[in-house]
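Participant: What follows is input36.tsv, TSV, C-alpha atoms.
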chain	number	residue	atom	x	y	z
A	1	MET	CA	0.00	0.00	0.00
A	2	SER	CA	1.36	3.41	-0.96
A	3	LEU	CA	0.42	6.22	1.40
A	4	SER	CA	0.79	9.97	1.09
A	5	PHE	CA	0.16	12.93	3.37
A	6	PRO	CA	-1.71	16.14	2.49
A	7	GLY	CA	0.13	18.34	4.99
A	8	PHE	CA	-0.75	19.68	8.42
A	9	PRO	CA	-3.67	22.07	8.70
A	10	ASN	CA	-2.79	25.74	9.09
A	11	GLU	CA	-4.27	25.51	12.57
A	12	ALA	CA	-1.36	23.30	13.65
A	13	LEU	CA	1.24	26.02	13.12
A	14	GLU	CA	-1.09	28.61	14.64
A	15	PHE	CA	-1.50	26.39	17.69
A	16	PHE	CA	2.26	26.29	18.24
A	17	ARG	CA	2.55	30.01	17.58
A	18	ARG	CA	0.01	30.73	20.29
A	19	LEU	CA	1.41	28.09	22.63
A	20	ALA	CA	4.82	29.78	22.47
A	21	ARG	CA	3.16	32.93	23.85
A	22	ASN	CA	0.99	31.09	26.40
A	23	ASN	CA	3.06	28.13	27.56
A	24	ARG	CA	1.13	27.24	30.68
A	25	ARG	CA	-1.34	24.57	31.70
A	26	GLU	CA	-4.22	27.02	32.12
A	27	TRP	CA	-3.98	27.91	28.43
A	28	PHE	CA	-3.26	24.44	27.07
A	29	GLN	CA	-5.91	22.36	28.82
A	30	PRO	CA	-8.98	24.09	27.32
A	31	ARG	CA	-7.33	23.75	23.90
A	32	LYS	CA	-6.10	20.17	24.21
A	33	GLN	CA	-8.74	18.97	21.75
A	34	ILE	CA	-7.33	21.37	19.14
A	35	PHE	CA	-3.90	19.84	19.69
A	36	GLU	CA	-5.30	16.32	19.37
A	37	GLU	CA	-7.16	17.03	16.13
A	38	GLN	CA	-4.91	19.53	14.36
A	39	VAL	CA	-1.46	18.28	15.43
A	40	LYS	CA	-1.44	14.80	16.94
A	41	GLN	CA	-3.76	13.05	14.49
A	42	PRO	CA	-2.03	14.45	11.36
A	43	MET	CA	1.34	13.63	12.94
A	44	ARG	CA	0.30	10.02	13.34
A	45	ALA	CA	-0.87	9.89	9.71
A	46	LEU	CA	2.48	11.26	8.54
A	47	VAL	CA	4.43	8.72	10.60
A	48	GLU	CA	2.32	5.91	9.15
A	49	ALA	CA	2.99	7.16	5.61
A	50	LEU	CA	6.74	7.36	6.28
A	51	ASN	CA	6.70	3.89	7.84
A	52	ASP	CA	5.15	2.56	4.65
A	53	ALA	CA	8.01	4.06	2.64
A	54	LEU	CA	10.70	2.95	5.09
A	55	SER	CA	9.49	-0.63	4.79
A	56	ASP	CA	10.89	-0.60	1.24
A	57	PHE	CA	14.39	0.82	1.81
A	58	ALA	CA	15.04	0.81	5.59
A	59	PRO	CA	12.75	-1.79	7.21
A	60	ASP	CA	14.80	-1.95	10.41
A	61	TYR	CA	13.64	1.59	11.16
A	62	VAL	CA	9.88	1.09	10.87
A	63	THR	CA	8.52	2.27	14.22
A	64	ASP	CA	5.16	2.04	15.98
A	65	PRO	CA	3.70	5.58	15.80
A	66	ASP	CA	2.99	5.49	19.54
A	67	LYS	CA	6.73	5.03	20.11
A	68	ALA	CA	7.92	7.26	17.28
A	69	ILE	CA	6.02	10.43	18.23
A	70	TYR	CA	7.40	12.41	21.14
A	71	ARG	CA	5.11	13.63	23.90
A	72	ILE	CA	4.35	17.33	23.96
A	73	TYR	CA	5.06	17.47	27.69
A	74	ARG	CA	8.53	18.69	28.62
A	75	ASP	CA	10.66	17.06	31.32
A	76	THR	CA	11.41	20.04	33.53
A	77	ARG	CA	13.01	18.21	36.45
A	78	PHE	CA	16.56	19.28	35.66
A	79	SER	CA	15.86	22.41	33.62
A	80	LYS	CA	15.73	26.05	34.63
A	81	ASP	CA	13.03	26.47	32.00
A	82	LYS	CA	9.84	25.27	33.70
A	83	THR	CA	7.44	25.84	30.80
A	84	PRO	CA	5.43	22.61	30.61
A	85	TYR	CA	5.01	22.11	26.85
A	86	LYS	CA	7.17	21.73	23.76
A	87	THR	CA	6.40	24.18	21.00
A	88	HIS	CA	6.94	21.60	18.25
A	89	SER	CA	5.90	18.08	17.36
A	90	ALA	CA	8.60	15.53	16.53
A	91	ALA	CA	9.07	11.88	15.69
A	92	SER	CA	12.05	9.55	15.43
A	93	PHE	CA	12.47	6.19	13.73
A	94	ARG	CA	15.13	4.25	15.61
A	95	ARG	CA	16.86	1.12	14.46
A	96	ARG	CA	15.69	-2.04	16.18
A	97	GLY	CA	17.55	-5.11	17.30
A	98	THR	CA	21.01	-3.58	17.66
A	99	GLY	CA	21.19	-2.86	21.38
A	100	ILE	CA	24.25	-0.67	21.67
A	101	SER	CA	23.49	1.27	18.48
A	102	GLY	CA	19.84	1.86	19.37
A	103	ASP	CA	20.21	5.63	19.08
A	104	ALA	CA	20.70	5.42	15.31
A	105	GLY	CA	17.74	6.70	13.37
A	106	TYR	CA	15.82	9.27	11.37
A	107	TYR	CA	14.14	12.36	12.86
A	108	PHE	CA	11.81	15.16	11.86
A	109	ALA	CA	9.94	17.94	13.65
A	110	ILE	CA	7.43	20.61	12.70
A	111	SER	CA	6.73	23.92	14.42
A	112	HIS	CA	5.74	27.50	13.66
A	113	LYS	CA	9.47	28.29	13.28
A	114	GLU	CA	10.80	25.53	11.03
A	115	VAL	CA	10.58	22.02	9.64
A	116	ALA	CA	13.60	20.05	10.89
A	117	ILE	CA	14.79	16.83	9.25
A	118	GLY	CA	17.80	14.73	10.14
A	119	GLY	CA	19.33	11.44	11.07
A	120	GLY	CA	22.36	9.79	12.60
A	121	ILE	CA	23.47	8.85	16.10
A	122	TYR	CA	22.87	11.65	18.57
A	123	MET	CA	24.19	10.41	21.92
A	124	PRO	CA	26.09	7.12	21.53
A	125	GLU	CA	27.13	5.33	24.69
A	126	PRO	CA	30.91	5.21	25.29
A	127	ALA	CA	31.28	1.66	23.97
A	128	ALA	CA	29.25	2.49	20.85
A	129	LEU	CA	31.20	5.70	20.28
A	130	LEU	CA	34.49	3.80	20.43
A	131	ALA	CA	33.19	1.18	17.99
A	132	ILE	CA	32.09	3.90	15.57
A	133	ARG	CA	35.43	5.68	15.82
A	134	ASN	CA	37.32	2.45	15.19
A	135	HIS	CA	35.14	1.86	12.14
A	136	ILE	CA	35.80	5.40	10.91
A	137	ALA	CA	39.53	4.99	11.45
A	138	GLU	CA	39.55	1.94	9.18
A	139	HIS	CA	37.01	3.14	6.60
A	140	HIS	CA	37.18	6.95	6.67
A	141	GLN	CA	37.42	7.19	2.90
A	142	GLN	CA	34.09	5.40	2.59
A	143	LEU	CA	32.50	7.83	5.05
A	144	ARG	CA	33.91	10.79	3.15
A	145	ARG	CA	32.39	9.48	-0.08
A	146	ILE	CA	29.01	9.17	1.65
A	147	LEU	CA	29.20	12.72	3.00
A	148	ARG	CA	30.31	14.08	-0.40
A	149	ALA	CA	27.41	12.43	-2.25
A	150	ARG	CA	25.39	14.93	-4.24
A	151	ALA	CA	22.11	14.10	-2.49
A	152	VAL	CA	23.66	14.57	0.95
A	153	LYS	CA	25.35	17.85	0.06
A	154	GLU	CA	22.29	19.34	-1.63
A	155	LEU	CA	19.63	18.09	0.77
A	156	LEU	CA	21.40	18.10	4.15
A	157	GLY	CA	24.73	19.90	3.96
A	158	GLU	CA	27.60	19.16	6.32
A	159	LEU	CA	28.08	16.70	9.15
A	160	HIS	CA	26.86	18.08	12.48
A	161	GLY	CA	27.67	17.10	16.05
A	162	GLU	CA	29.60	18.04	19.15
A	163	GLN	CA	33.37	17.62	18.75
A	164	LEU	CA	36.39	17.20	20.96
A	165	SER	CA	39.07	19.88	20.79
A	166	ARG	CA	41.73	17.17	20.53
A	167	VAL	CA	42.16	13.75	18.99
A	168	PRO	CA	40.35	11.15	21.14
A	169	LYS	CA	42.47	8.93	23.35
A	170	GLY	CA	43.81	5.85	21.59
A	171	PHE	CA	44.12	7.42	18.12
A	172	ALA	CA	47.25	8.89	16.55
A	173	GLY	CA	47.42	12.65	16.26
A	174	ASP	CA	48.40	12.38	12.60
A	175	HIS	CA	45.66	9.93	11.64
A	176	PRO	CA	44.14	10.95	8.26
A	177	ALA	CA	40.64	10.84	9.80
A	178	VAL	CA	41.39	13.16	12.73
A	179	ASP	CA	38.68	15.61	11.66
A	180	LEU	CA	36.06	12.83	11.74
A	181	LEU	CA	37.33	11.06	14.85
A	182	ARG	CA	36.86	14.17	16.98
A	183	PHE	CA	33.09	13.99	16.60
A	184	LYS	CA	31.12	12.81	19.65
A	185	ARG	CA	27.81	12.85	17.77
A	186	PHE	CA	27.21	12.08	14.11
A	187	VAL	CA	24.21	13.85	12.63
A	188	LEU	CA	23.00	15.09	9.25
A	189	TYR	CA	20.39	17.79	9.85
A	190	ILE	CA	18.66	20.67	8.10
A	191	GLU	CA	15.96	23.20	8.90
A	192	LEU	CA	13.42	24.27	6.24
A	193	GLU	CA	10.71	26.92	6.13
A	194	PRO	CA	7.75	26.23	8.46
A	195	GLU	CA	5.16	26.76	5.71
A	196	LEU	CA	6.31	23.49	4.14
A	197	ALA	CA	4.49	21.65	6.94
A	198	THR	CA	1.08	22.64	5.58
A	199	THR	CA	1.66	21.27	2.06
A	200	PRO	CA	1.74	17.80	0.47
A	201	ALA	CA	5.41	18.48	-0.32
A	202	LEU	CA	6.29	17.93	3.36
A	203	TYR	CA	6.08	14.15	2.99
A	204	ARG	CA	8.20	14.18	-0.16
A	205	GLU	CA	10.85	16.48	1.34
A	206	ILE	CA	11.18	14.33	4.45
A	207	LEU	CA	11.25	11.10	2.47
A	208	LYS	CA	13.94	12.13	-0.01
A	209	ARG	CA	16.17	13.26	2.87
A	210	PHE	CA	15.57	10.00	4.72
A	211	ARG	CA	16.69	8.18	1.58
A	212	ALA	CA	19.80	10.37	1.34
A	213	ILE	CA	20.65	9.68	5.01
A	214	THR	CA	20.34	5.89	4.68
A	215	PRO	CA	23.94	5.14	3.51
A	216	PHE	CA	25.19	7.31	6.39
A	217	LEU	CA	23.15	5.28	8.89
A	218	ASP	CA	24.32	2.03	7.30
A	219	PHE	CA	27.91	3.14	7.82
A	220	LEU	CA	27.41	4.20	11.45
A	221	THR	CA	25.65	0.96	12.39
A	222	ALA	CA	27.96	-1.40	10.48
A	223	PRO	CA	30.05	-2.23	13.61
A	224	PHE	CA	26.92	-3.62	15.29
A	225	ASN	CA	25.57	-5.87	12.55
A	226	SER	CA	27.12	-9.18	13.58
A	227	GLY	CA	24.56	-11.81	14.50
A	228	ARG	CA	21.51	-9.63	13.89
A	229	ARG	CA	18.21	-11.14	12.83
A	230	LYS	CA	16.88	-9.57	9.65
A	231	VAL	CA	13.65	-7.72	10.46
A	232	ASP	CA	10.67	-7.94	8.15
A	233	ALA	CA	8.91	-4.58	8.37
A	234	ARG	CA	5.61	-6.22	7.43
A	235	GLU	CA	5.56	-7.65	10.97
A	236	LEU	CA	5.05	-4.12	12.25
A	237	LEU	CA	2.74	-2.83	9.54
A	238	THR	CA	0.14	-5.59	9.85
Would you write out, as structure tokens, the structure that this file holds?
Facilitator:
Amino acid sequence: MSLSFPGFPNEALEFFRRLARNNRREWFQPRKQIFEEQVKQPMRALVEALNDALSDFAPDYVTDPDKAIYRIYRDTRFSKDKTPYKTHSAASFRRRGTGISGDAGYYFAISHKEVAIGGGIYMPEPAALLAIRNHIAEHHQQLRRILRARAVKELLGELHGEQLSRVPKGFAGDHPAVDLLRFKRFVLYIELEPELATTPALYREILKRFRAITPFLDFLTAPFNSGRRKVDARELLT
């Protein structure tokens, strides 16, 4: 089955625009039904459409919409910002069955400020980070080819992520991949105009960037592939 998505209603962006000015429970609660109908339900439809496409070229990333879509409620326990709600709606499609590389995946978010699309490994655990760096050290030319690919350059730009100021421990200072080894996070990411969210083009723009990101994800997760069971995405779509 081939699905598409008509875009979010204009009311979705207006909801976030107003929420940004009134980020408190007293404002949100009387308007929760607007959020459910104008944001949450379309978001679920978009995730289902993207899952249908992912089942063809990245089945390991097909994700139950209830797990893919982030809650609107912020975790304020350790934040100075005590506003209770996020002013965007986001979803991630994480790779299954890899354990240590579970943070690998695709991501998108919509708000009144931008449409964000990306993918990679955002916060790898120390053991996973070391495995990725070892893989880069041995295959950095392959990674450079992936990052130089026309689709990546045109649709996503440069590699993003926090970096060390020095070469990580255990790697030679003159290693030819020093610039890549310093990364602590490995992310391809771009922000587009918010108006895109209200058009049918949103689905197409997300999907073509997900396709462009796929070789990058394949590279990052290669160290964790040994002994994995091949996942049939139809198990999750039925």
Participant: Between A:Gly7, A:Pro215, A:Pro126, A:Pro42, which residue has the minimum interatomic distance to Leu143 of chain A, considering only C-alpha atoms?
Facilitator: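 Distance minimum relative to Leu143 of chain A lands on A:Pro215.
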Participant: Report, in Å with one decimal, the straight-line distance from atom CA of Lys80 of chain A to atom CA of Glu125 of chain A.
Facilitator: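 Atom CA of Glu125 of chain A lies at a distance of 25.7 Å from atom CA of Lys80 of chain A.
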Participant: Would you pick out the contacts of Ile190 of chain A at 12 Å or less, using only C-alpha atoms, so that residues sharing its chain but fewer than 2 positions from it are not included, and give the list as a ChimeraX atom specification?
Facilitator: /A:107-109,114-119,152-160,187-188,192-193,205-206,209-210,213
Participant: Determine, counting all atoms listed in the file, which protein, DNA and RNA residues have an atom within 12 Å of an atom of segment 21-38 of chain A; residues of the same chain fewer than 2 positions away are not included. Present the result as a tab-separated table (two decimals) with C-alpha atoms, keeping the file's coordinate frame.
Facilitator:
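Printed below is result13.tsv as written:
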chain	number	residue	atom	x	y	z
A	7	GLY	CA	0.13	18.34	4.99
A	8	PHE	CA	-0.75	19.68	8.42
A	9	PRO	CA	-3.67	22.07	8.70
A	10	ASN	CA	-2.79	25.74	9.09
A	11	GLU	CA	-4.27	25.51	12.57
A	12	ALA	CA	-1.36	23.30	13.65
A	13	LEU	CA	1.24	26.02	13.12
A	14	GLU	CA	-1.09	28.61	14.64
A	15	PHE	CA	-1.50	26.39	17.69
A	16	PHE	CA	2.26	26.29	18.24
A	17	ARG	CA	2.55	30.01	17.58
A	18	ARG	CA	0.01	30.73	20.29
A	19	LEU	CA	1.41	28.09	22.63
A	40	LYS	CA	-1.44	14.80	16.94
A	41	GLN	CA	-3.76	13.05	14.49
A	42	PRO	CA	-2.03	14.45	11.36
A	43	MET	CA	1.34	13.63	12.94
A	44	ARG	CA	0.30	10.02	13.34
A	45	ALA	CA	-0.87	9.89	9.71
A	71	ARG	CA	5.11	13.63	23.90
A	72	ILE	CA	4.35	17.33	23.96
A	73	TYR	CA	5.06	17.47	27.69
A	74	ARG	CA	8.53	18.69	28.62
A	81	ASP	CA	13.03	26.47	32.00
A	82	LYS	CA	9.84	25.27	33.70
A	83	THR	CA	7.44	25.84	30.80
A	84	PRO	CA	5.43	22.61	30.61
A	85	TYR	CA	5.01	22.11	26.85
A	86	LYS	CA	7.17	21.73	23.76
A	87	THR	CA	6.40	24.18	21.00
A	88	HIS	CA	6.94	21.60	18.25
A	89	SER	CA	5.90	18.08	17.36
A	112	HIS	CA	5.74	27.50	13.66
A	198	THR	CA	1.08	22.64	5.58
Participant: Using only C-alpha atoms, which protein or nucleic acid residues come within 10 Å of Asp66 of chain A? Drop anything in the same chain fewer than 2 positions from it, and give the result as a CSV table (one decimal) with C-alpha atoms, in the frame of the given file.
Facilitator:
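Output contents, as saved in part33.csv:
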chain,number,residue,atom,x,y,z
A,44,ARG,CA,0.3,10.0,13.3
A,47,VAL,CA,4.4,8.7,10.6
A,63,THR,CA,8.5,2.3,14.2
A,64,ASP,CA,5.2,2.0,16.0
A,68,ALA,CA,7.9,7.3,17.3
A,69,ILE,CA,6.0,10.4,18.2
A,70,TYR,CA,7.4,12.4,21.1
A,71,ARG,CA,5.1,13.6,23.9
A,91,ALA,CA,9.1,11.9,15.7
Participant: Could you check how far atom CA of Tyr122 of chain A sits from atom CA of Arg185 of chain A, in Å to one decimal?
Facilitator: 5.1 Å
Participant: How far is it from atom CA of Glu162 of chain A to atom CA of Pro65 of chain A, in Å with one decimal?
Facilitator: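 Taking atom CA of Glu162 of chain A as the start and atom CA of Pro65 of chain A as the end point, the length is 28.9 Å.
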